[in-house]
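**Q** The structure file input-v6.cif (mmCIF, C-alpha atoms and all ligand atoms) is provided below.
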```cif
data_coords
#
loop_
_atom_site.label_atom_id
_atom_site.label_comp_id
_atom_site.auth_asym_id
_atom_site.auth_seq_id
_atom_site.Cartn_x
_atom_site.Cartn_y
_atom_site.Cartn_z
CA MET A 1 24.15 11.03 4.10
CA LEU A 2 26.29 9.66 1.26
CA PHE A 3 26.41 5.86 1.05
CA ALA A 4 29.82 5.28 -0.52
CA ASP A 5 30.86 2.31 -2.66
CA ILE A 6 27.93 0.19 -1.42
CA THR A 7 26.03 -2.75 -2.94
CA VAL A 8 22.42 -1.79 -3.69
CA LEU A 9 19.13 -3.47 -4.54
CA ASP A 10 17.93 -1.35 -7.46
CA GLU A 11 14.42 -0.51 -8.68
CA ASN A 12 14.24 -3.80 -10.66
CA CYS A 13 15.11 -5.88 -7.57
CA THR A 14 18.56 -6.50 -9.06
CA VAL A 15 21.67 -6.31 -6.89
CA ARG A 16 24.38 -3.90 -8.13
CA PRO A 17 27.79 -3.56 -6.48
CA HIS A 18 29.89 -0.37 -6.11
CA ARG A 19 27.22 2.31 -6.09
CA TRP A 20 27.16 5.76 -4.52
CA VAL A 21 23.78 6.90 -3.13
CA GLY A 22 23.31 10.44 -1.83
CA VAL A 23 20.40 11.53 0.40
CA ARG A 24 19.40 15.15 0.77
CA ASP A 25 16.23 16.84 2.09
CA GLY A 26 14.52 13.51 2.72
CA ARG A 27 14.98 12.21 -0.80
CA ILE A 28 17.41 10.11 -2.79
CA ALA A 29 19.25 12.85 -4.66
CA TYR A 30 22.03 10.86 -6.31
CA VAL A 31 22.56 7.27 -7.51
CA GLY A 32 25.67 6.51 -9.54
CA ASP A 33 28.52 4.09 -10.16
CA VAL A 34 31.02 6.86 -9.53
CA PRO A 35 31.18 9.24 -6.56
CA PRO A 36 29.31 12.53 -6.98
CA ALA A 37 31.43 15.58 -7.80
CA PRO A 38 33.24 16.84 -4.65
CA ASP A 39 31.23 20.08 -4.46
CA GLN A 40 28.01 18.03 -4.59
CA ALA A 41 29.23 15.29 -2.21
CA VAL A 42 29.79 17.78 0.58
CA THR A 43 26.08 18.70 0.54
CA PHE A 44 25.08 15.14 1.52
CA GLY A 45 26.73 15.36 4.95
CA GLU A 46 28.04 12.17 6.58
CA THR A 47 29.78 9.62 4.33
CA TYR A 48 28.72 6.05 5.16
CA ASP A 49 31.31 3.37 4.36
CA GLY A 50 29.55 0.75 2.21
CA ALA A 51 32.13 -2.03 2.68
CA GLY A 52 30.35 -5.29 3.63
CA LYS A 53 26.95 -3.62 3.44
CA LEU A 54 23.87 -3.82 1.21
CA LEU A 55 21.54 -0.85 0.78
CA MET A 56 17.94 -1.55 -0.16
CA PRO A 57 14.54 0.13 -0.01
CA ALA A 58 13.00 -0.02 3.45
CA LEU A 59 10.01 -2.31 4.00
CA TYR A 60 6.30 -1.38 4.13
CA ASN A 61 4.00 -3.37 6.38
CA ALA A 62 0.60 -3.35 4.66
CA HIS A 63 -1.47 -4.80 7.51
CA ALA A 64 -0.90 -4.41 11.24
CA HIS A 65 -2.61 -3.82 14.58
CA ALA A 66 0.27 -2.13 16.44
CA PRO A 67 -1.27 -1.93 19.96
CA MET A 68 -1.77 -5.70 19.89
CA THR A 69 1.96 -5.86 20.58
CA LEU A 70 0.77 -6.03 24.21
CA LEU A 71 -0.80 -9.43 23.41
CA ARG A 72 2.46 -10.99 22.21
CA GLY A 73 2.63 -14.57 23.49
CA PHE A 74 -0.66 -14.26 25.37
CA ALA A 75 -3.02 -16.27 23.12
CA GLU A 76 -1.33 -19.40 21.86
CA ASN A 77 -2.30 -22.75 20.37
CA LEU A 78 -6.02 -22.12 20.12
CA PRO A 79 -8.49 -22.45 17.25
CA LEU A 80 -9.36 -19.05 15.77
CA GLN A 81 -12.77 -18.61 17.38
CA ARG A 82 -11.55 -19.49 20.89
CA TRP A 83 -8.38 -17.44 20.31
CA LEU A 84 -10.60 -14.43 19.55
CA GLU A 85 -13.40 -14.87 22.08
CA GLU A 86 -11.57 -16.33 25.07
CA LYS A 87 -8.30 -14.43 24.77
CA CYS A 88 -8.16 -11.41 22.43
CA PHE A 89 -11.55 -9.78 23.07
CA PRO A 90 -11.40 -9.91 26.92
CA PHE A 91 -7.81 -8.58 26.88
CA GLU A 92 -8.62 -5.81 24.41
CA ALA A 93 -11.68 -4.76 26.44
CA LYS A 94 -9.25 -3.77 29.22
CA MET A 95 -6.92 -1.73 26.99
CA THR A 96 -6.85 2.05 27.49
CA ALA A 97 -5.76 4.72 25.02
CA GLU A 98 -2.43 4.94 26.87
CA ASP A 99 -1.97 1.18 26.49
CA CYS A 100 -2.55 1.57 22.74
CA TYR A 101 -0.02 4.39 22.60
CA TRP A 102 2.73 2.36 24.27
CA GLY A 103 1.97 -0.75 22.24
CA THR A 104 2.42 1.39 19.14
CA VAL A 105 5.71 2.88 20.39
CA LEU A 106 7.13 -0.61 20.96
CA ALA A 107 5.82 -1.78 17.57
CA CYS A 108 7.56 1.21 15.93
CA ALA A 109 10.83 0.32 17.66
CA GLU A 110 10.60 -3.27 16.52
CA MET A 111 9.71 -2.35 12.95
CA ALA A 112 12.51 0.22 12.71
CA ARG A 113 14.93 -2.42 13.98
CA TYR A 114 13.88 -4.74 11.13
CA GLY A 115 14.03 -2.16 8.35
CA VAL A 116 10.29 -1.35 8.25
CA VAL A 117 9.51 2.38 7.93
CA SER A 118 5.77 2.41 7.36
CA PHE A 119 2.72 0.38 8.30
CA SER A 120 -1.02 0.29 7.65
CA ASP A 121 -2.60 0.05 11.06
CA MET A 122 -6.14 -0.83 12.07
CA TYR A 123 -7.08 -0.27 15.71
CA TYR A 124 -8.58 2.14 18.22
CA ALA A 125 -7.34 5.27 20.05
CA THR A 126 -6.02 6.50 16.71
CA GLU A 127 -4.87 9.95 17.81
CA GLY A 128 -2.35 8.52 20.28
CA ARG A 129 -1.15 6.03 17.69
CA CYS A 130 -0.58 8.86 15.19
CA ARG A 131 1.39 10.72 17.85
CA ALA A 132 3.51 7.64 18.61
CA VAL A 133 4.38 7.19 14.92
CA LEU A 134 5.30 10.85 14.38
CA GLU A 135 7.48 10.91 17.50
CA ALA A 136 9.23 7.69 16.42
CA GLY A 137 9.90 9.12 12.96
CA LEU A 138 8.04 6.39 11.06
CA LYS A 139 5.10 6.61 8.65
CA ALA A 140 1.68 5.02 8.93
CA ASN A 141 -1.71 4.77 7.31
CA MET A 142 -3.94 4.82 10.36
CA CYS A 143 -7.57 3.85 10.60
CA GLU A 144 -9.98 3.75 13.52
CA GLY A 145 -11.52 0.29 13.68
CA LEU A 146 -15.21 0.17 12.80
CA VAL A 147 -17.62 -2.36 14.25
CA ALA A 148 -21.20 -1.63 13.16
CA PHE A 149 -24.09 -3.99 13.88
CA GLU A 150 -27.07 -1.63 14.15
CA GLU A 151 -29.15 -0.73 11.10
CA LYS A 152 -28.61 3.03 11.13
CA PRO A 153 -26.67 5.52 9.02
CA TYR A 154 -22.93 5.82 9.54
CA ALA A 155 -23.45 9.46 10.59
CA GLU A 156 -25.26 8.24 13.72
CA TYR A 157 -22.28 6.21 14.88
CA PRO A 158 -19.86 8.25 17.06
CA ILE A 159 -16.95 7.01 14.91
CA CYS A 160 -18.24 9.08 11.99
CA ALA A 161 -17.48 12.41 13.68
CA GLN A 162 -14.29 10.92 15.09
CA MET A 163 -13.09 9.98 11.59
CA GLU A 164 -13.94 13.46 10.27
CA ALA A 165 -11.78 14.96 13.01
CA LEU A 166 -8.96 12.50 12.33
CA VAL A 167 -8.96 13.33 8.62
CA ARG A 168 -9.05 17.05 9.38
CA ASP A 169 -6.31 17.00 12.03
CA TRP A 170 -4.01 14.16 10.96
CA HIS A 171 -4.36 13.29 7.27
CA GLY A 172 -1.06 14.41 5.73
CA ALA A 173 0.52 15.32 9.09
CA GLY A 174 4.31 15.14 9.45
CA GLU A 175 4.78 16.16 5.80
CA GLY A 176 2.64 13.27 4.66
CA ARG A 177 4.08 10.66 7.00
CA ILE A 178 0.64 10.13 8.56
CA ARG A 179 -2.27 9.26 6.33
CA ILE A 180 -5.76 8.45 7.54
CA ASP A 181 -7.60 5.53 5.95
CA TYR A 182 -11.24 4.61 6.38
CA ASN A 183 -11.96 1.20 7.84
CA ILE A 184 -14.58 -1.43 7.28
CA HIS A 185 -13.43 -4.20 9.58
CA SER A 186 -15.03 -6.95 7.51
CA GLU A 187 -18.27 -8.11 5.95
CA TYR A 188 -19.29 -9.82 9.20
CA LEU A 189 -18.73 -6.77 11.44
CA SER A 190 -20.46 -4.14 9.30
CA THR A 191 -23.85 -3.38 7.78
CA GLU A 192 -24.66 -2.65 4.15
CA THR A 193 -25.85 0.88 5.03
CA VAL A 194 -22.60 1.73 6.78
CA CYS A 195 -20.52 0.37 3.89
CA ARG A 196 -22.45 2.50 1.39
CA ASP A 197 -22.16 5.62 3.57
CA ILE A 198 -18.39 5.18 3.98
CA LEU A 199 -18.03 4.67 0.26
CA ASP A 200 -19.83 7.99 -0.33
CA ILE A 201 -17.33 9.72 1.96
CA VAL A 202 -14.21 8.17 0.42
CA ARG A 203 -15.21 8.38 -3.24
CA GLY A 204 -13.66 11.35 -5.03
CA THR A 205 -11.13 12.07 -2.26
CA ASP A 206 -7.50 10.98 -1.80
CA LEU A 207 -8.55 8.70 1.08
CA ARG A 208 -8.29 4.92 0.99
CA LEU A 209 -10.02 1.93 2.56
CA HIS A 210 -8.42 -0.77 4.70
CA ILE A 211 -10.49 -3.93 5.25
CA HIS A 212 -10.27 -7.59 6.26
CA LEU A 213 -11.45 -9.89 3.46
CA SER A 214 -12.13 -13.63 3.21
CA GLU A 215 -9.68 -14.63 5.92
CA THR A 216 -11.32 -17.94 6.88
CA GLU A 217 -13.44 -20.57 5.22
CA LYS A 218 -16.13 -20.01 7.87
CA GLU A 219 -16.31 -16.27 7.08
CA VAL A 220 -16.97 -16.98 3.40
CA ARG A 221 -19.53 -19.73 4.13
CA GLU A 222 -21.51 -17.54 6.54
CA CYS A 223 -21.41 -14.57 4.14
CA ARG A 224 -22.88 -16.77 1.39
CA GLU A 225 -25.70 -17.76 3.80
CA ARG A 226 -26.42 -14.12 4.69
CA HIS A 227 -26.18 -12.64 1.20
CA GLU A 228 -27.92 -15.00 -1.24
CA GLY A 229 -24.86 -17.00 -2.15
CA LEU A 230 -22.45 -14.07 -2.52
CA SER A 231 -18.86 -14.34 -1.30
CA PRO A 232 -17.48 -11.38 0.72
CA VAL A 233 -15.66 -10.17 -2.43
CA GLU A 234 -18.84 -10.38 -4.54
CA TYR A 235 -20.90 -8.72 -1.80
CA PHE A 236 -18.50 -5.78 -1.46
CA ASP A 237 -18.18 -5.53 -5.25
CA GLY A 238 -21.96 -5.28 -5.49
CA LEU A 239 -21.83 -2.26 -3.17
CA GLY A 240 -19.16 -0.63 -5.37
CA LEU A 241 -16.58 -0.84 -2.62
CA PHE A 242 -13.68 -1.59 -4.95
CA ASP A 243 -14.30 1.59 -6.97
CA VAL A 244 -12.05 3.35 -4.43
CA PRO A 245 -8.48 2.32 -3.51
CA VAL A 246 -8.65 -0.63 -1.13
CA THR A 247 -6.12 -2.63 0.86
CA ALA A 248 -7.72 -6.00 1.63
CA ALA A 249 -5.99 -8.07 4.28
CA HIS A 250 -5.77 -11.86 4.01
CA CYS A 251 -7.82 -12.84 0.89
CA VAL A 252 -7.18 -16.51 1.69
CA TRP A 253 -10.46 -18.08 0.54
CA LEU A 254 -11.08 -16.77 -2.99
CA SER A 255 -12.94 -18.22 -5.96
CA GLU A 256 -11.99 -17.58 -9.60
CA SER A 257 -14.75 -14.99 -9.74
CA ASP A 258 -13.33 -13.29 -6.59
CA LEU A 259 -9.89 -13.16 -8.18
CA ASP A 260 -11.37 -11.65 -11.36
CA ILE A 261 -13.04 -8.90 -9.32
CA LEU A 262 -9.94 -8.04 -7.26
CA GLU A 263 -7.76 -8.05 -10.39
CA ARG A 264 -10.18 -5.86 -12.36
CA HIS A 265 -10.24 -3.22 -9.62
CA GLY A 266 -6.52 -3.27 -8.80
CA VAL A 267 -7.21 -4.09 -5.15
CA PHE A 268 -4.09 -4.31 -2.98
CA VAL A 269 -3.99 -7.71 -1.31
CA ALA A 270 -2.10 -7.67 2.00
CA ASN A 271 -0.79 -11.20 2.41
CA ASN A 272 -0.14 -12.23 6.02
CA PRO A 273 1.53 -15.63 5.64
CA ALA A 274 2.74 -15.99 9.24
CA SER A 275 -0.60 -14.99 10.77
CA ASN A 276 -2.63 -17.15 8.38
CA MET A 277 -0.47 -20.16 9.12
CA LYS A 278 -0.43 -19.59 12.88
CA LEU A 279 -4.22 -19.36 13.10
CA GLY A 280 -4.69 -22.28 10.72
CA SER A 281 -6.56 -20.09 8.22
CA GLY A 282 -4.84 -21.39 5.08
CA PHE A 283 -2.74 -20.02 2.23
CA ALA A 284 -3.85 -17.10 0.07
CA PRO A 285 -3.60 -17.97 -3.66
CA ILE A 286 -0.56 -15.72 -4.11
CA PRO A 287 0.99 -17.56 -7.11
CA GLU A 288 -2.26 -17.14 -9.06
CA MET A 289 -2.37 -13.45 -8.08
CA MET A 290 1.24 -13.04 -9.20
CA ARG A 291 0.45 -14.77 -12.50
CA ARG A 292 -2.35 -12.24 -13.03
CA GLY A 293 -0.02 -9.33 -12.18
CA MET A 294 -2.15 -8.34 -9.18
CA ASN A 295 -0.99 -5.99 -6.42
CA VAL A 296 0.31 -8.23 -3.65
CA CYS A 297 1.88 -6.67 -0.57
CA LEU A 298 2.89 -8.08 2.82
CA GLY A 299 1.60 -7.63 6.36
CA SER A 300 2.63 -8.79 9.80
CA ASP A 301 -0.92 -8.64 11.22
CA GLY A 302 -1.25 -8.33 15.01
CA MET A 303 1.23 -9.74 17.50
CA ALA A 304 -1.31 -12.19 18.91
CA SER A 305 -1.02 -14.15 15.67
CA ASN A 306 2.52 -13.69 14.37
CA ASN A 307 4.41 -12.80 16.97
CA ASN A 308 6.89 -10.36 15.48
CA HIS A 309 7.13 -7.34 13.23
CA ASN A 310 10.12 -8.77 11.38
CA LEU A 311 8.70 -8.46 7.87
CA PHE A 312 11.74 -10.31 6.52
CA HIS A 313 10.12 -13.43 8.01
CA ASP A 314 6.91 -12.83 6.06
CA MET A 315 8.91 -12.16 2.90
CA TYR A 316 10.77 -15.45 3.41
CA LEU A 317 7.50 -17.30 3.97
CA GLN A 318 5.88 -15.75 0.90
CA ALA A 319 8.83 -16.82 -1.25
CA LEU A 320 8.87 -20.32 0.21
CA VAL A 321 5.54 -21.74 1.41
CA TYR A 322 3.76 -21.60 -1.93
CA LYS A 323 6.44 -23.75 -3.48
CA GLY A 324 5.57 -26.47 -0.99
CA ALA A 325 1.84 -25.84 -0.99
CA THR A 326 1.50 -25.95 -4.80
CA LEU A 327 4.32 -28.45 -5.56
CA ASP A 328 5.76 -25.80 -7.88
CA PRO A 329 9.30 -24.56 -7.06
CA THR A 330 8.78 -21.53 -9.34
CA ALA A 331 5.57 -20.42 -7.58
CA VAL A 332 6.83 -17.10 -6.15
CA THR A 333 10.26 -15.71 -6.98
CA PRO A 334 12.43 -13.94 -4.38
CA GLN A 335 12.25 -10.83 -6.56
CA GLN A 336 8.45 -10.92 -6.36
CA ALA A 337 8.59 -11.33 -2.59
CA LEU A 338 10.97 -8.36 -2.33
CA ALA A 339 8.67 -6.23 -4.48
CA SER A 340 5.72 -7.16 -2.23
CA ALA A 341 7.61 -6.04 0.88
CA THR A 342 8.79 -2.77 -0.65
CA ARG A 343 7.26 -1.04 -3.70
CA ALA A 344 3.85 -2.78 -3.62
CA GLY A 345 3.48 -1.98 0.09
CA ALA A 346 4.30 1.69 -0.51
CA LEU A 347 1.78 1.90 -3.36
CA SER A 348 -0.88 0.23 -1.20
CA GLN A 349 -0.49 3.17 1.18
CA GLY A 350 -0.84 5.76 -1.58
CA ARG A 351 2.87 6.58 -1.36
CA ALA A 352 3.85 6.72 -5.03
CA ASP A 353 7.25 8.31 -4.31
CA CYS A 354 8.31 5.56 -1.87
CA GLY A 355 9.53 1.98 -1.97
CA MET A 356 12.25 2.12 -4.63
CA LEU A 357 15.92 2.97 -4.58
CA ALA A 358 16.01 5.54 -7.38
CA GLU A 359 16.77 9.22 -7.74
CA GLY A 360 13.88 11.47 -6.70
CA MET A 361 12.23 8.87 -4.46
CA ARG A 362 11.85 9.45 -0.73
CA ALA A 363 14.87 8.23 1.22
CA ASP A 364 13.23 5.24 2.93
CA LEU A 365 16.18 2.89 3.11
CA CYS A 366 17.75 0.13 5.15
CA VAL A 367 21.30 -1.17 5.29
CA LEU A 368 22.07 -4.86 5.82
CA ASP A 369 25.37 -6.12 7.19
CA THR A 370 26.37 -8.83 4.73
CA THR A 371 29.58 -9.96 6.43
CA GLY A 372 27.97 -12.88 8.31
CA PRO A 373 28.62 -16.48 7.18
CA GLN A 374 25.01 -16.82 5.98
CA TRP A 375 25.76 -14.23 3.27
CA CYS A 376 28.66 -16.17 1.69
CA PRO A 377 29.08 -17.14 -1.08
CA ALA A 378 26.90 -14.76 -3.04
CA PRO A 379 26.89 -15.38 -6.79
CA ASP A 380 23.72 -13.25 -6.80
CA PRO A 381 23.07 -11.68 -3.37
CA VAL A 382 19.36 -11.16 -4.15
CA TYR A 383 18.76 -14.81 -3.17
CA ASN A 384 20.65 -14.35 0.08
CA ILE A 385 18.46 -11.37 1.02
CA VAL A 386 15.32 -13.52 0.89
CA TYR A 387 16.50 -17.05 1.76
CA ALA A 388 19.58 -16.56 3.97
CA GLY A 389 19.46 -13.02 5.34
CA ASP A 390 17.08 -11.71 7.96
CA GLY A 391 15.75 -8.52 9.53
CA SER A 392 18.33 -8.99 12.27
CA ASP A 393 21.01 -8.17 9.65
CA VAL A 394 19.63 -4.62 9.42
CA VAL A 395 22.14 -2.14 10.88
CA LEU A 396 20.55 1.11 9.76
CA THR A 397 16.99 2.19 8.94
CA MET A 398 16.18 5.57 7.44
CA CYS A 399 12.74 7.14 6.98
CA ASP A 400 12.43 10.26 4.82
CA GLY A 401 16.19 10.72 5.17
CA GLU A 402 16.19 10.56 8.99
CA VAL A 403 17.92 7.69 10.79
CA ILE A 404 15.43 5.86 13.04
CA TYR A 405 17.62 2.85 13.87
CA ARG A 406 21.39 2.37 13.75
CA ASP A 407 23.69 -0.28 15.25
CA GLY A 408 21.45 -1.24 18.16
CA GLU A 409 20.26 2.28 18.92
CA TRP A 410 17.03 4.15 18.28
CA PRO A 411 17.74 7.91 18.16
CA THR A 412 14.02 8.77 18.22
CA ILE A 413 12.60 6.14 20.60
CA ASP A 414 13.21 5.41 24.30
CA VAL A 415 13.10 1.64 23.83
CA GLU A 416 13.81 0.72 27.46
CA ARG A 417 10.90 2.88 28.59
CA ALA A 418 8.62 1.39 25.90
CA LYS A 419 9.53 -2.16 26.92
CA ALA A 420 8.95 -1.41 30.61
CA GLU A 421 5.62 0.31 29.91
CA CYS A 422 4.38 -2.56 27.76
CA ALA A 423 5.46 -5.28 30.19
CA THR A 424 3.78 -3.48 33.10
CA ARG A 425 0.61 -2.79 31.16
CA THR A 426 0.27 -6.36 29.91
CA ALA A 427 0.78 -7.66 33.46
CA ARG A 428 -1.90 -5.25 34.74
CA ILE A 429 -4.42 -6.37 32.12
CA ILE A 430 -3.75 -10.06 32.71
CA SER A 431 -4.21 -9.55 36.46
CA GLU A 432 -7.60 -7.92 35.78
CA LEU A 433 -8.88 -10.82 33.67
ZN ZN B 501 -5.91 -8.07 10.85
#
```
Would you mind giving the structure from this file in structure tokens?
**A**
Amino acid sequence: MLFADITVLDENCTVRPHRWVGVRDGRIAYVGDVPPAPDQAVTFGETYDGAGKLLMPALYNAHAHAPMTLLRGFAENLPLQRWLEEKCFPFEAKMTAEDCYWGTVLACAEMARYGVVSFSDMYYATEGRCRAVLEAGLKANMCEGLVAFEEKPYAEYPICAQMEALVRDWHGAGEGRIRIDYNIHSEYLSTETVCRDILDIVRGTDLRLHIHLSETEKEVRECRERHEGLSPVEYFDGLGLFDVPVTAAHCVWLSESDLDILERHGVFVANNPASNMKLGSGFAPIPEMMRRGMNVCLGSDGMASNNNHNLFHDMYLQALVYKGATLDPTAVTPQQALASATRAGALSQGRADCGMLAEGMRADLCVLDTTGPQWCPAPDPVYNIVYAGDGSDVVLTMCDGEVIYRDGEWPTIDVERAKAECATRTARIISEL
């Protein structure tokens, strides 16, 4: 496809009008302020009229639980512990692998609709979830959720062999669209032995870790009681966990020493502003992380605590809430929020050639319709993207050069079927509770 005379968000999060962007073989093959030579242009295929449109890198969701889409609107207005124990756990205990598959299909449809091409997903029934993502044409870093209470080696847990098989069969599948991550759910749902064993497996490979970290005040307090005063960050650091690439979701309750550790190791912090606000968990110290130049990316988290995969909402919140929370209107800039949703998210997934609109990068792109009243005037459209625009302005989403959403249609997903399956399955589970 050749995007012709279109406004773009470039690699510095600056908006540039009148650009030509050519996509070939899954990559961005041409970016220029003049059309490519006619003999080259013809090799890009369809010409896309850029009038009234803005082309930007697609979004990367750094923390999700896709099958929890089935729980959308099911667990509302409850304190976290009751939300988890009275609602989420009983519901999830009834979920089958097929339920997880369909929840993932619907999540993929929703993400594609909002310009998201890739997500880091922590859940169960991983093989079906990988299949759903490949069929939908998206990308994902998938991990099988680990809950380990017994004092025994990781090898004696069935998930160990399961993870070996997942890495063997799925890591790098779909020309790299699927990656397998290892999971340690959290400090409170794992043992020291298991953490050390997983670290031994991941160290020296191209695999990564995806964990929950310091989400609530209670989690940090109880960790300090269990581990001689250590916070979850200090505890994991003591085990050497941050010696490998880690995406740590939440990171709401951090001390100065915690921040030092995460900064020193280049840990990717997946900020989930909507989820953290909805569950009353607090605000991660994002402005301080930005000041330190840390890797901050954005996640939707599960649909029981958000309730949408519209990452534009989370980007908006990240750019806005810290201004109010810290009484500093310069706390997080829109450009920083955009970088979190795009390039930082891609890097958190080990996708170095994704997340930027530049020649040679993978063609993960989305097009926004900027003709609506909320987009005018636009002395610098970058502010409209974050503060006035929305995921619902997305009219085209492309993943590795393939269109996965365009003008209300999903060429790779049967959305009506996915909606019907999910509605039926949620009704079945609720009737069983
Ligand atoms: Zn989570």
**Q** For the point (-8.6, 2.0, 15.8) in file coordinates, what residues are within 6 Å, counting only C-alpha atoms? Give the answer as a VMD selection string?
**A** chain A and resid 122 to 126 143 to 145
**Q** Using only C-alpha atoms and all ligand atoms, which residue out of A:Pro273, A:Pro381, A:Gly293, A:Gly238 lies closest to ligand ZN 501 (chain B)?
**A**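 Nearest candidate to ligand ZN 501 (chain B) out of A:Pro273, A:Pro381, A:Gly293, A:Gly238: A:Pro273.
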**Q** Could you tell me which of A:Ala248, A:Phe236, A:Ala337, A:Tyr60 comes closest to Tyr114 of chain A if we count only C-alpha atoms?
**A**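 Checking each of A:Ala248, A:Phe236, A:Ala337, A:Tyr60 against Tyr114 of chain A, counting only C-alpha atoms, the winner is A:Tyr60.
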**Q** Have a look at A:Val395, A:Cys130, A:Ile429, A:Ala51 and name the one nearest to Lys87 of chain A; count all atoms listed in the file.
**A**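 The shortest atom-to-atom distance to Lys87 of chain A comes from A:Ile429.
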**Q** Residues at most 8 Å from ligand ZN 501 (chain B), using only C-alpha atoms and all ligand atoms? Could they come as a ChimeraX atom specification?
**A** /A:63-65,122,212,249-250,301-302
**Q** If we count only C-alpha atoms and set the cut-off at 7 Å, which residues sit around Gly22 of chain A, ignoring sequence neighbours fewer than 2 positions away in its own chain? Please answer as an mmCIF file with C-alpha atoms, in the frame of the given file.
**A**
```cif
data_model
loop_
_atom_site.group_PDB
_atom_site.id
_atom_site.type_symbol
_atom_site.label_atom_id
_atom_site.label_comp_id
_atom_site.auth_asym_id
_atom_site.auth_seq_id
_atom_site.Cartn_x
_atom_site.Cartn_y
_atom_site.Cartn_z
ATOM 1 C CA MET A 1 24.150 11.030 4.100
ATOM 2 C CA LEU A 2 26.290 9.660 1.260
ATOM 3 C CA PHE A 3 26.410 5.860 1.050
ATOM 4 C CA TRP A 20 27.160 5.760 -4.520
ATOM 5 C CA ARG A 24 19.400 15.150 0.770
ATOM 6 C CA ILE A 28 17.410 10.110 -2.790
ATOM 7 C CA ALA A 29 19.250 12.850 -4.660
ATOM 8 C CA TYR A 30 22.030 10.860 -6.310
ATOM 9 C CA VAL A 31 22.560 7.270 -7.510
ATOM 10 C CA PHE A 44 25.080 15.140 1.520
#
```
**Q** Would you compute the distance between atom CA of Met289 of chain A and atom CA of Phe312 of chain A? Give it in Å to one decimal.
**A**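 Separating atom CA of Met289 of chain A from atom CA of Phe312 of chain A is a distance of 20.5 Å.
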**Q** Closest to Phe91 of chain A among A:Arg72, A:Arg406, A:Arg113, A:His18, using all atoms listed in the file?
**A**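 Looking at the shortest contact to Phe91 of chain A, the residue is A:Arg72.
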**Q** My list of candidates is A:Val116, A:Ile198, A:Leu357, A:Met294. Which is closest to Ala58 of chain A when distances are computed with only C-alpha atoms?
**A**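 The shortest atom-to-atom distance to Ala58 of chain A comes from A:Val116.
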**Q** What separation in Å, quoted to one decimal, exists between atom CA of Val117 of chain A and atom CA of Asp400 of chain A?
**A** 9.0 Å
**Q** What lies within 12 Å of Gln349 of chain A using only C-alpha atoms, ignoring chain neighbours under 3 positions off, as a PyMOL selection string?
**A** chain A and resi 60-63+118-121+139-143+176-181+206-210+245-248+267-270+295+297-298+342-346+352-355
**Q** Just give me the residues with any atom within 9 Å of (3.1, -13.1, -7.5), file coordinates, counting only C-alpha atoms, written as a list in words.
**A**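 Using only C-alpha atoms, the matching residues come out as Ile286, Pro287, Glu288, Met289, Met290, Arg291, Arg292, Gly293, Met294, Asn295, Val296, Ala331, Val332, Thr333, Gln336, Ala337 and Ser340 of chain A.
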**Q** Show which residues sit within 9 Å of Tyr383 of chain A, as an MDAnalysis selection string. Count only C-alpha atoms, and ignore same-chain residues fewer than 5 positions away.
**A** chainID A and resid 334:335 378 388:389
**Q** Could those residues be written to a file, using C-alpha atoms, as a PDB file, keeping the file's coordinate frame?
**A**
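Generated output (again_25.pdb):
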```pdb
ATOM      1  CA  PRO A 334      12.430 -13.940  -4.380  1.00  0.00           C
ATOM      2  CA  GLN A 335      12.250 -10.830  -6.560  1.00  0.00           C
ATOM      3  CA  ALA A 378      26.900 -14.760  -3.040  1.00  0.00           C
ATOM      4  CA  ALA A 388      19.580 -16.560   3.970  1.00  0.00           C
ATOM      5  CA  GLY A 389      19.460 -13.020   5.340  1.00  0.00           C
TER       6      GLY A 389
END
```
**Q** Tell me, in Å to one decimal, how far atom CA of Asp200 of chain A is from atom CA of Glu150 of chain A.
**A**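 Here the two named atoms are 18.8 Å from each other.
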**Q** Taking the partial coordinates given, rebuild segment 292-296 of chain A to contain N, CA, C and O atoms; return it as a short mmCIF file (atom, residue, chain, number, x, y, z; two decimals), in the frame of the given file.
**A**
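New file rebuild-v4.cif:
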```
data_model
loop_
_atom_site.label_atom_id
_atom_site.label_comp_id
_atom_site.auth_asym_id
_atom_site.auth_seq_id
_atom_site.Cartn_x
_atom_site.Cartn_y
_atom_site.Cartn_z
N ARG A 292 -1.44 -13.24 -12.47
CA ARG A 292 -2.35 -12.24 -13.03
C ARG A 292 -1.78 -10.82 -12.95
O ARG A 292 -2.42 -9.87 -13.40
N GLY A 293 -0.61 -10.67 -12.31
CA GLY A 293 -0.02 -9.33 -12.18
C GLY A 293 -0.75 -8.47 -11.17
O GLY A 293 -0.75 -7.24 -11.26
N MET A 294 -1.41 -9.10 -10.19
CA MET A 294 -2.15 -8.34 -9.18
C MET A 294 -1.20 -7.68 -8.18
O MET A 294 -0.02 -8.01 -8.09
N ASN A 295 -1.77 -6.72 -7.42
CA ASN A 295 -0.99 -5.99 -6.42
C ASN A 295 -0.94 -6.78 -5.11
O ASN A 295 -1.89 -6.77 -4.35
N VAL A 296 0.17 -7.46 -4.88
CA VAL A 296 0.31 -8.23 -3.65
C VAL A 296 1.34 -7.57 -2.75
O VAL A 296 2.48 -7.35 -3.17
#
```
